[in-house]
file work.cif (mmCIF, C-alpha atoms)
data_protein
#
loop_
_atom_site.label_atom_id
_atom_site.label_comp_id
_atom_site.auth_asym_id
_atom_site.auth_seq_id
_atom_site.Cartn_x
_atom_site.Cartn_y
_atom_site.Cartn_z
CA MET P 157 28.72 47.00 -3.43
CA SER P 158 25.79 45.81 -1.28
CA ASP P 159 24.88 42.19 -0.52
CA ASP P 160 21.82 42.61 -2.71
CA THR P 161 23.93 43.55 -5.72
CA ILE P 162 26.24 40.58 -5.16
CA THR P 163 23.32 38.16 -4.97
CA GLU P 164 21.70 39.61 -8.11
CA THR P 165 24.99 39.42 -10.03
CA PHE P 166 25.28 35.69 -9.46
CA LEU P 167 21.72 34.66 -10.37
CA PRO P 168 21.99 31.51 -12.48
CA PRO P 169 20.50 31.72 -15.99
CA ILE P 170 16.86 30.68 -16.50
CA ARG P 171 16.64 27.32 -18.26
CA HIS P 172 13.56 26.53 -20.33
CA TRP P 173 12.35 23.04 -19.50
CA PRO P 174 10.01 21.74 -22.21
CA ALA P 175 7.52 19.00 -21.39
CA ARG P 176 8.88 16.17 -23.49
CA ASP P 177 7.00 12.91 -23.86
CA LEU P 178 9.85 10.61 -22.85
CA THR P 179 9.66 6.88 -23.49
CA GLY P 180 11.00 3.87 -21.62
CA VAL P 181 12.92 4.65 -18.46
CA ASP P 182 15.09 7.30 -20.11
CA PHE P 183 16.18 9.96 -17.64
CA ASP P 184 15.13 13.47 -18.70
CA PRO P 185 18.17 14.98 -20.49
CA VAL P 186 17.17 18.53 -19.44
CA LEU P 187 17.10 17.49 -15.78
CA ALA P 188 20.48 15.75 -16.18
CA GLU P 189 21.86 19.02 -17.59
CA LEU P 190 20.37 21.07 -14.73
CA MET P 191 21.96 18.68 -12.20
CA ARG P 192 25.34 19.22 -13.84
CA GLU P 193 24.93 23.00 -13.76
CA GLY P 194 24.74 23.12 -10.00
CA PRO P 195 22.71 22.28 -6.91
CA VAL P 196 20.43 25.35 -7.26
CA THR P 197 19.28 26.47 -10.71
CA ARG P 198 16.41 28.48 -12.21
CA ILE P 199 13.78 27.03 -14.52
CA GLN P 200 10.86 28.05 -16.68
CA LEU P 201 8.24 25.36 -17.39
CA PRO P 202 5.80 25.31 -20.34
CA ASN P 203 2.84 26.86 -18.46
CA GLY P 204 2.11 29.43 -15.77
CA GLU P 205 4.16 32.58 -15.24
CA GLY P 206 7.71 33.65 -14.50
CA TRP P 207 10.54 31.39 -13.32
CA ALA P 208 11.23 29.26 -10.25
CA TRP P 209 14.21 27.89 -8.33
CA LEU P 210 15.01 24.20 -8.64
CA VAL P 211 16.97 22.15 -6.09
CA THR P 212 18.28 18.74 -7.11
CA ARG P 213 20.64 17.50 -4.36
CA HIS P 214 19.28 14.89 -1.95
CA ASP P 215 20.04 16.89 1.24
CA ASP P 216 18.60 20.13 -0.18
CA VAL P 217 15.44 18.39 -1.42
CA ARG P 218 14.86 16.94 2.06
CA MET P 219 15.54 20.29 3.68
CA VAL P 220 13.13 22.28 1.46
CA THR P 221 10.30 19.73 1.76
CA ASN P 222 10.60 19.61 5.55
CA ASP P 223 11.17 23.32 6.29
CA PRO P 224 8.19 25.49 7.35
CA ARG P 225 9.87 28.49 5.66
CA PHE P 226 8.68 27.02 2.35
CA SER P 227 4.89 27.01 2.00
CA ARG P 228 2.54 25.01 -0.20
CA GLU P 229 -0.48 27.08 0.84
CA ALA P 230 1.04 30.30 -0.52
CA VAL P 231 1.03 28.78 -4.04
CA MET P 232 -2.75 29.31 -4.08
CA ASP P 233 -2.31 33.08 -4.30
CA GLN P 234 0.66 33.35 -6.61
CA PRO P 235 1.02 32.54 -10.33
CA VAL P 236 3.97 30.18 -10.73
CA THR P 237 5.66 28.59 -13.75
CA ARG P 238 4.39 24.99 -13.96
CA LEU P 239 4.16 21.86 -16.07
CA ALA P 240 0.38 21.35 -16.05
CA PRO P 241 -1.51 23.37 -18.64
CA HIS P 242 -4.32 23.99 -16.16
CA PHE P 243 -4.03 24.53 -12.44
CA ILE P 244 -7.14 23.71 -10.40
CA PRO P 245 -6.16 23.73 -6.73
CA GLN P 246 -9.04 23.69 -4.29
CA ARG P 247 -8.60 25.84 -1.22
CA GLY P 248 -8.31 23.49 1.74
CA ALA P 249 -7.08 20.57 -0.39
CA VAL P 250 -4.39 18.66 1.52
CA GLY P 251 -1.74 19.20 -1.19
CA PHE P 252 -2.01 22.95 -0.62
CA LEU P 253 -2.08 23.02 3.16
CA ASP P 254 0.75 23.64 5.61
CA PRO P 255 0.92 22.31 9.19
CA PRO P 256 -0.99 22.42 11.50
CA ASP P 257 -4.05 22.15 9.18
CA HIS P 258 -2.22 19.69 6.97
CA THR P 259 -1.34 17.53 10.00
CA ARG P 260 -4.94 17.59 11.28
CA LEU P 261 -6.32 16.48 7.90
CA ARG P 262 -3.74 13.73 7.36
CA ARG P 263 -4.35 12.43 10.90
CA SER P 264 -8.00 11.69 10.05
CA VAL P 265 -7.03 8.90 7.60
CA ALA P 266 -3.65 7.85 9.00
CA ALA P 267 -4.98 4.55 10.40
CA ALA P 268 -5.82 3.26 6.89
CA PHE P 269 -2.24 3.76 5.69
CA THR P 270 -0.31 2.28 8.62
CA ALA P 271 1.29 -1.16 8.32
CA ARG P 272 -1.79 -2.63 10.01
CA GLY P 273 -4.19 -0.73 7.77
CA VAL P 274 -2.39 -1.84 4.63
CA GLU P 275 -2.11 -5.45 5.85
CA ARG P 276 -5.91 -5.39 6.19
CA VAL P 277 -6.22 -5.43 2.38
CA ARG P 278 -3.26 -7.74 1.59
CA GLU P 279 -5.19 -11.02 1.33
CA LYS P 280 -8.06 -9.57 -0.66
CA SER P 281 -5.54 -7.84 -2.96
CA ARG P 282 -3.68 -11.11 -3.54
CA VAL P 283 -6.92 -12.90 -4.47
CA LEU P 284 -7.93 -10.06 -6.83
CA LEU P 285 -4.52 -10.20 -8.50
CA ASP P 286 -4.68 -13.99 -8.96
CA GLU P 287 -8.08 -13.62 -10.62
CA LEU P 288 -6.73 -11.00 -13.05
CA ILE P 289 -3.76 -13.21 -13.94
CA ASP P 290 -6.11 -16.22 -14.39
CA GLU P 291 -8.07 -14.18 -16.93
CA LEU P 292 -4.88 -13.10 -18.72
CA VAL P 293 -3.67 -16.72 -18.96
CA GLU P 294 -7.09 -17.97 -20.05
CA ALA P 295 -7.24 -15.44 -22.89
CA GLY P 296 -3.84 -16.76 -24.00
CA PRO P 297 -0.78 -14.91 -25.31
CA PRO P 298 -0.13 -12.27 -26.50
CA GLY P 299 -1.79 -9.94 -24.01
CA ASP P 300 -1.59 -6.38 -22.77
CA LEU P 301 -0.19 -6.48 -19.24
CA THR P 302 -1.32 -2.89 -18.58
CA ALA P 303 -4.96 -3.44 -19.57
CA ALA P 304 -5.21 -6.94 -18.06
CA VAL P 305 -3.37 -6.49 -14.75
CA LEU P 306 -1.42 -3.29 -14.09
CA SER P 307 -4.40 -0.97 -14.54
CA PRO P 308 -7.32 -2.87 -12.93
CA PHE P 309 -5.25 -4.13 -9.96
CA PRO P 310 -4.31 -0.77 -8.35
CA ILE P 311 -7.84 0.53 -9.02
CA ALA P 312 -9.35 -2.45 -7.20
CA VAL P 313 -6.89 -2.10 -4.30
CA ILE P 314 -7.33 1.65 -3.79
CA CYS P 315 -11.13 1.28 -4.07
CA GLU P 316 -10.97 -1.47 -1.43
CA LEU P 317 -8.90 0.73 0.89
CA MET P 318 -11.13 3.75 0.22
CA GLY P 319 -14.35 1.82 0.76
CA VAL P 320 -15.61 2.40 -2.80
CA PRO P 321 -17.98 -0.41 -3.92
CA ALA P 322 -16.65 -2.70 -6.67
CA ALA P 323 -19.47 -1.62 -9.00
CA ASP P 324 -18.12 1.97 -8.99
CA ARG P 325 -14.49 1.12 -9.83
CA HIS P 326 -14.82 1.74 -13.56
CA GLY P 327 -16.30 5.21 -13.01
CA MET P 328 -13.48 6.08 -10.62
CA HIS P 329 -10.90 5.02 -13.20
CA THR P 330 -12.55 7.12 -15.95
CA TRP P 331 -12.62 10.24 -13.75
CA THR P 332 -8.99 9.73 -12.70
CA GLN P 333 -7.78 9.45 -16.30
CA LEU P 334 -9.60 12.65 -17.27
CA ILE P 335 -8.17 14.51 -14.25
CA LEU P 336 -4.59 13.32 -14.86
CA SER P 337 -4.43 13.86 -18.63
CA SER P 338 -3.55 17.24 -20.03
CA SER P 339 -4.88 16.42 -23.50
CA HIS P 340 -8.62 16.89 -22.84
CA GLY P 341 -8.53 20.54 -21.73
CA LYS P 342 -9.24 22.33 -18.48
CA GLU P 343 -13.04 22.08 -18.59
CA VAL P 344 -13.13 18.29 -18.99
CA SER P 345 -10.59 17.84 -16.20
CA GLU P 346 -12.45 20.22 -13.88
CA GLN P 347 -15.79 18.51 -14.62
CA ALA P 348 -14.34 15.08 -13.78
CA LYS P 349 -12.91 16.43 -10.53
CA GLN P 350 -16.27 17.90 -9.55
CA GLU P 351 -18.10 14.66 -10.35
CA MET P 352 -15.64 12.59 -8.31
CA GLY P 353 -15.91 15.12 -5.49
CA ALA P 354 -19.72 14.92 -5.52
CA TYR P 355 -19.52 11.12 -5.40
CA PHE P 356 -17.22 11.18 -2.36
CA GLY P 357 -19.34 13.87 -0.73
CA ASP P 358 -22.31 11.50 -0.83
CA LEU P 359 -20.31 8.47 0.31
CA ILE P 360 -18.62 10.29 3.22
CA GLY P 361 -21.94 11.88 4.22
CA LEU P 362 -23.48 8.41 4.51
CA ARG P 363 -20.70 7.27 6.86
CA GLU P 364 -20.67 10.02 9.48
CA GLY P 365 -21.19 7.68 12.41
CA SER P 366 -19.17 4.82 10.94
CA SER P 367 -16.66 2.70 12.81
CA GLY P 368 -15.31 1.16 9.56
CA GLU P 369 -11.58 1.03 8.82
CA ASP P 370 -11.72 2.13 5.18
CA VAL P 371 -10.80 5.72 4.25
CA THR P 372 -14.31 7.06 3.55
CA SER P 373 -15.54 5.60 6.87
CA LEU P 374 -12.63 7.22 8.74
CA LEU P 375 -13.37 10.53 6.99
CA GLY P 376 -17.10 10.22 7.68
CA ALA P 377 -16.37 9.65 11.39
CA ALA P 378 -13.93 12.60 11.47
CA VAL P 379 -16.55 14.87 9.85
CA GLY P 380 -19.14 13.59 12.36
CA ARG P 381 -16.80 14.50 15.25
CA GLY P 382 -16.20 17.96 13.77
CA GLU P 383 -12.44 17.33 13.28
CA VAL P 384 -12.53 18.03 9.54
CA THR P 385 -15.11 19.69 7.30
CA LEU P 386 -16.95 17.74 4.61
CA GLU P 387 -15.19 19.88 1.98
CA GLU P 388 -11.76 19.01 3.41
CA ALA P 389 -12.69 15.31 3.60
CA VAL P 390 -13.84 15.28 -0.04
CA GLY P 391 -10.64 17.01 -1.21
CA LEU P 392 -8.52 14.43 0.61
CA ALA P 393 -10.55 11.49 -0.71
CA VAL P 394 -10.18 12.73 -4.31
CA LEU P 395 -6.42 13.14 -3.90
CA LEU P 396 -5.96 9.66 -2.36
CA GLN P 397 -8.13 7.99 -5.01
CA ILE P 398 -6.19 9.62 -7.86
CA GLY P 399 -2.84 8.87 -6.18
CA GLY P 400 -3.81 5.20 -5.91
CA GLU P 401 -3.69 4.86 -9.67
CA ALA P 402 -0.10 6.10 -9.89
CA VAL P 403 0.88 2.49 -9.14
CA THR P 404 -0.26 1.57 -12.68
CA ASN P 405 2.44 3.80 -14.15
CA ASN P 406 5.12 2.91 -11.59
CA SER P 407 4.58 -0.82 -12.02
CA GLY P 408 4.35 -0.37 -15.80
CA GLN P 409 7.81 1.19 -15.80
CA MET P 410 9.04 -1.46 -13.36
CA PHE P 411 7.93 -4.32 -15.60
CA TYR P 412 9.13 -2.56 -18.75
CA LEU P 413 12.53 -2.40 -17.07
CA LEU P 414 12.48 -6.05 -15.94
CA LEU P 415 11.30 -7.27 -19.37
CA THR P 416 13.94 -5.27 -21.24
CA ARG P 417 16.61 -6.40 -18.75
CA PRO P 418 15.80 -10.14 -18.43
CA ASP P 419 18.94 -10.63 -16.30
CA LEU P 420 17.25 -8.59 -13.55
CA ALA P 421 13.98 -10.54 -13.80
CA GLU P 422 15.86 -13.86 -13.68
CA ARG P 423 17.74 -12.78 -10.59
CA LEU P 424 14.46 -11.92 -8.84
CA ARG P 425 13.05 -15.33 -9.80
CA ALA P 426 16.14 -17.11 -8.51
CA GLU P 427 16.46 -15.08 -5.28
CA PRO P 428 12.97 -14.23 -4.01
CA GLU P 429 14.42 -13.11 -0.67
CA ILE P 430 15.99 -10.01 -2.30
CA ARG P 431 12.69 -8.79 -3.77
CA PRO P 432 11.80 -6.19 -1.08
CA LYS P 433 15.22 -4.53 -1.45
CA ALA P 434 15.04 -4.82 -5.24
CA ILE P 435 11.66 -3.06 -5.27
CA ASP P 436 13.18 -0.14 -3.35
CA GLU P 437 16.00 0.07 -5.88
CA LEU P 438 13.55 -0.03 -8.81
CA LEU P 439 11.48 2.70 -7.13
CA ARG P 440 14.65 4.80 -6.77
CA TYR P 441 15.65 4.28 -10.39
CA ILE P 442 12.44 4.63 -12.43
CA PRO P 443 11.54 8.18 -13.51
CA HIS P 444 8.05 8.45 -12.00
CA ARG P 445 7.01 11.72 -13.53
CA ASN P 446 7.64 14.34 -16.17
CA ALA P 447 9.57 17.42 -14.94
CA VAL P 448 8.48 18.42 -11.40
CA GLY P 449 5.33 18.32 -9.27
CA LEU P 450 3.98 21.09 -7.04
CA SER P 451 6.01 24.15 -6.08
CA ARG P 452 6.44 25.91 -2.75
CA ILE P 453 6.87 29.60 -1.93
CA ALA P 454 9.65 30.99 0.28
CA MET P 455 8.06 32.78 3.25
CA GLU P 456 11.35 34.57 4.07
CA ASP P 457 14.84 34.87 2.62
CA VAL P 458 16.64 31.51 2.82
CA GLU P 459 20.15 30.63 1.71
CA ILE P 460 20.79 27.27 0.01
CA ARG P 461 24.37 26.39 -1.00
CA GLY P 462 25.35 30.06 -1.13
CA VAL P 463 22.33 31.09 -3.23
CA ARG P 464 19.80 33.44 -1.68
CA ILE P 465 16.19 32.37 -2.22
CA ARG P 466 14.18 35.54 -1.63
CA LYS P 467 10.86 35.86 0.19
CA ASP P 468 7.96 35.10 -2.24
CA ASP P 469 10.23 33.22 -4.71
CA PRO P 470 8.73 29.96 -5.98
CA ILE P 471 10.87 26.85 -5.57
CA TYR P 472 10.65 23.28 -6.88
CA VAL P 473 12.40 20.13 -5.71
CA SER P 474 13.21 17.21 -7.99
CA TYR P 475 12.82 13.84 -6.27
CA LEU P 476 14.09 12.16 -9.46
CA ALA P 477 17.32 14.13 -9.29
CA ALA P 478 17.68 13.52 -5.54
CA ASN P 479 17.41 9.77 -6.25
CA ARG P 480 20.45 10.05 -8.56
CA ASP P 481 22.61 12.15 -6.24
CA PRO P 482 26.06 10.47 -6.46
CA GLU P 483 26.97 11.66 -2.94
CA VAL P 484 24.14 9.56 -1.51
CA PHE P 485 23.81 6.79 -4.13
CA PRO P 486 27.22 5.66 -5.41
CA ASP P 487 27.07 4.81 -9.13
CA PRO P 488 23.47 6.13 -9.33
CA GLU P 489 22.91 5.02 -12.95
CA LYS P 490 23.43 1.39 -11.96
CA ILE P 491 20.53 -0.76 -10.77
CA ASP P 492 21.97 -2.41 -7.66
CA PHE P 493 19.58 -4.80 -5.89
CA GLY P 494 21.98 -4.97 -2.96
CA ARG P 495 22.07 -1.19 -2.44
CA ASN P 496 22.13 -0.50 1.28
CA PRO P 497 21.21 1.96 2.67
CA ASN P 498 18.75 3.20 0.06
CA PRO P 499 17.19 6.44 1.39
CA HIS P 500 15.34 7.21 -1.87
CA VAL P 501 12.66 9.91 -1.89
CA SER P 502 10.35 8.36 -4.50
CA PHE P 503 7.36 8.89 -2.18
CA GLY P 504 8.44 12.40 -1.27
CA PHE P 505 9.67 13.68 2.08
CA GLY P 506 8.48 15.81 4.99
CA PRO P 507 4.83 16.56 5.82
CA HIS P 508 3.69 15.92 2.22
CA TYR P 509 5.28 12.45 2.07
CA CYS P 510 2.92 10.22 0.04
CA PRO P 511 0.53 8.56 2.51
CA GLY P 512 0.13 5.62 0.14
CA GLY P 513 3.85 4.71 0.10
CA MET P 514 3.35 1.54 2.13
CA LEU P 515 0.35 0.53 0.01
CA ALA P 516 2.32 1.07 -3.21
CA ARG P 517 5.14 -1.13 -1.87
CA LEU P 518 2.63 -3.86 -0.98
CA GLU P 519 1.16 -3.75 -4.50
CA SER P 520 4.62 -3.86 -6.09
CA GLU P 521 5.56 -6.88 -3.96
CA LEU P 522 2.36 -8.74 -4.86
CA LEU P 523 2.76 -7.94 -8.57
CA ILE P 524 6.38 -9.05 -8.75
CA ASP P 525 5.70 -12.24 -6.77
CA ALA P 526 2.65 -13.23 -8.81
CA LEU P 527 3.81 -12.30 -12.31
CA LEU P 528 7.39 -13.58 -12.06
CA ASP P 529 6.44 -16.84 -10.32
CA ARG P 530 3.27 -17.66 -12.22
CA LEU P 531 4.57 -16.67 -15.68
CA PRO P 532 8.21 -17.81 -15.83
CA GLY P 533 8.32 -17.21 -19.60
CA LEU P 534 6.93 -13.65 -19.40
CA ARG P 535 8.56 -11.40 -22.01
CA LEU P 536 7.78 -8.46 -24.28
CA ALA P 537 5.78 -9.33 -27.40
CA VAL P 538 7.23 -6.37 -29.34
CA PRO P 539 10.68 -4.73 -29.52
CA PRO P 540 11.26 -2.37 -26.56
CA ASP P 541 11.09 0.76 -28.74
CA GLN P 542 7.60 -0.23 -29.92
CA VAL P 543 6.08 -0.13 -26.43
CA PRO P 544 3.82 2.98 -26.48
CA PHE P 545 4.27 5.39 -23.58
CA ARG P 546 1.67 7.89 -22.36
CA LYS P 547 1.68 11.27 -24.07
CA GLY P 548 0.73 14.54 -22.38
CA ALA P 549 0.64 12.88 -18.96
CA LEU P 550 2.10 14.27 -15.74
CA ILE P 551 2.95 10.75 -14.51
CA ARG P 552 5.12 8.62 -16.80
CA GLY P 553 4.31 5.05 -17.79
CA PRO P 554 3.52 2.70 -20.69
CA GLU P 555 0.09 3.07 -22.27
CA SER P 556 0.15 -0.62 -23.01
CA LEU P 557 2.67 -3.36 -22.34
CA PRO P 558 2.33 -6.10 -24.99
CA VAL P 559 3.61 -9.38 -23.53
CA THR P 560 3.74 -13.07 -24.28
CA TRP P 561 4.77 -16.06 -22.14
#
call {"tool": "encode", "arguments": {"input": "work.cif", "output": "C-alpha cells"}}
result
Amino acid sequence: MSDDTITETFLPPIRHWPARDLTGVDFDPVLAELMREGPVTRIQLPNGEGWAWLVTRHDDVRMVTNDPRFSREAVMDQPVTRLAPHFIPQRGAVGFLDPPDHTRLRRSVAAAFTARGVERVREKSRVLLDELIDELVEAGPPGDLTAAVLSPFPIAVICELMGVPAADRHGMHTWTQLILSSSHGKEVSEQAKQEMGAYFGDLIGLREGSSGEDVTSLLGAAVGRGEVTLEEAVGLAVLLQIGGEAVTNNSGQMFYLLLTRPDLAERLRAEPEIRPKAIDELLRYIPHRNAVGLSRIAMEDVEIRGVRIRKDDPIYVSYLAANRDPEVFPDPEKIDFGRNPNPHVSFGFGPHYCPGGMLARLESELLIDALLDRLPGLRLAVPPDQVPFRKGALIRGPESLPVTW
C-alpha cells in the first residue's frame, strides 16, 4: 500500500460548521467539538465551495500563520469554503498579499502603529472619551453603552489615527457597518467598499507630499515616493479603517463580561495596577468572531501532526481555539487576571498580525479606566439574556448594552 493510500485512508470526516448567531461570550459549541476531535480536522462552512483543513492548537496556529508554504495570495484564484456569503477580495489588498509585497505595504504605515505612533493619540483619545461619558451621564440612566460610548469612541480614535476629519466620521461608520454586515447583500456591501475606497483615494491623493504622522499622510508620502501604488494605499486604508471599528465589538463583549461578572469588575476597581494584565486575559477569553476568518492555501505538501496537507489544499486557523489550548493556558475556561505568561493570539500571528493591536489595547485601557472609575455603580439595566447581540455579523458583539448606574 502506497503512502498516498495511507494518507487518504485516514482523512478525518468533514464537519459542517453552521454560522450560528451566538450570544454573550458563549464559546462556539461546534468549535469546542472540533477541538476535541483532534488538532487537525476538516470543515465545511456555509458559503463557498468544497472543504478546508482547520488547525486549532496554539503551536500549529502559529506555525501555519508564519510559514511561507501557506499563502494568502493564492486564495484569490481558488474557490474556498467560507463563512461570508460574499467574497470581495481586491487584488493587491494587504490581507491577500504574501511577503515581500505584504511587508513593503505594511512598512508604509508602520510608524503610525508603533508605541510612539499610538501614544500620539492617547491624550486626544482620553479627552474624547471623557466627553462621551459626560454626555452619557448628563442624559441620565438608563443608557445604551454601545451607542453612547463603545461605538463612537473607536470610530473617533481610528479616524484621528487615519487623519480622517471629524466631520466625516459618521459616513465612515455607515460604510463600515454595510461592509461588515452580511444581511444587506453583496451589492450593498460592494458599493460601500467602493465609496470608502474613492474617499480614501481622494484623501491620500491630496497628501502626496505630506510629512504628517497620520496614516493617510504616511500613505500619501509613500505613493509620492513611488513605494506603493495609489490602489495599494487605498486598499490598506480601507482595511485599517474597518479594522478600527472591531474595538466596538471587543469592548462590548468585555463590558458584557464585566457587568455579568461583577466580582471581576470590582477587582479591577480595587486593584487598578492589574488592569493591563487583566485586559490581556479578557482579550484571550472573549470570542472575537464567528467561526474563522481568511483561509490560506498550501503551496506544497506539508505535514502537521501526522496529517498530510496537500499542495493546493485550503487551510484555516482558529485563533479562538488557540487561545483555549490547555497545553499553553492551564484551565483555559477560567478568567485568571494573574495569568502569566499569556501568549494569546487574539490579534493574530505572523506577517498578518493585526497592525492595530497596540491601538486596541490603548483603547481598552482607556475605556476600562474611565468607565469603572467614573461610574462605580455601572451595571446592566436588563437581565443578561436580554442583551441583544449582532446577527449575521462576522465579528461578534452586543448590538446594544443597556446600562444604569
call {"tool": "closest_atom_pairs", "arguments": {"input": "work.cif", "of": "region 243-283 of chain P", "to": "region 395-407 of chain P", "cutoff": "12 Å", "atoms": "only C-alpha atoms", "output": "JSON lines"}}
result
{"residue": "P:Pro245", "atom": "CA", "partner": "P:Leu395", "partner_atom": "CA", "distance": 11.0}
{"residue": "P:Gln246", "atom": "CA", "partner": "P:Leu395", "partner_atom": "CA", "distance": 10.9}
{"residue": "P:Gly248", "atom": "CA", "partner": "P:Leu395", "partner_atom": "CA", "distance": 11.9}
{"residue": "P:Ala249", "atom": "CA", "partner": "P:Leu395", "partner_atom": "CA", "distance": 8.2}
{"residue": "P:Val250", "atom": "CA", "partner": "P:Leu395", "partner_atom": "CA", "distance": 8.0}
{"residue": "P:Gly251", "atom": "CA", "partner": "P:Leu395", "partner_atom": "CA", "distance": 8.1}
{"residue": "P:Phe252", "atom": "CA", "partner": "P:Leu395", "partner_atom": "CA", "distance": 11.2}
{"residue": "P:Arg262", "atom": "CA", "partner": "P:Leu396", "partner_atom": "CA", "distance": 10.8}
{"residue": "P:Val265", "atom": "CA", "partner": "P:Leu396", "partner_atom": "CA", "distance": 10.0}
{"residue": "P:Ala266", "atom": "CA", "partner": "P:Leu396", "partner_atom": "CA", "distance": 11.7}
{"residue": "P:Ala268", "atom": "CA", "partner": "P:Leu396", "partner_atom": "CA", "distance": 11.2}
{"residue": "P:Phe269", "atom": "CA", "partner": "P:Leu396", "partner_atom": "CA", "distance": 10.7}
call {"tool": "residues_around", "arguments": {"input": "work.cif", "residues": "region 373-390 of chain P", "least_positions_apart": "4", "cutoff": "12 Å", "atoms": "all atoms listed in the file", "output": "number ranges by chain"}}
result
P: 246-253, 257-269, 273, 316-320, 349-369, 394-397
call {"tool": "atom_distance", "arguments": {"input": "work.cif", "atom1": "CA of Met328 (chain P)", "atom2": "CA of Ile524 (chain P)"}}
result
25.0 Å
call {"tool": "closest_residue", "arguments": {"input": "work.cif", "among": "P:Asp182, P:Glu294, P:Arg225, P:His172", "to": "Pro202 (chain P)", "atoms": "all atoms listed in the file"}}
result
P:His172
call {"tool": "closest_residue", "arguments": {"input": "work.cif", "among": "P:Arg517, P:Arg213, P:Arg176, P:Arg228", "to": "Pro482 (chain P)", "atoms": "all atoms listed in the file"}}
result
P:Arg213
call {"tool": "atom_distance", "arguments": {"input": "work.cif", "atom1": "CA of Leu557 (chain P)", "atom2": "CA of Leu420 (chain P)"}}
result
17.8 Å
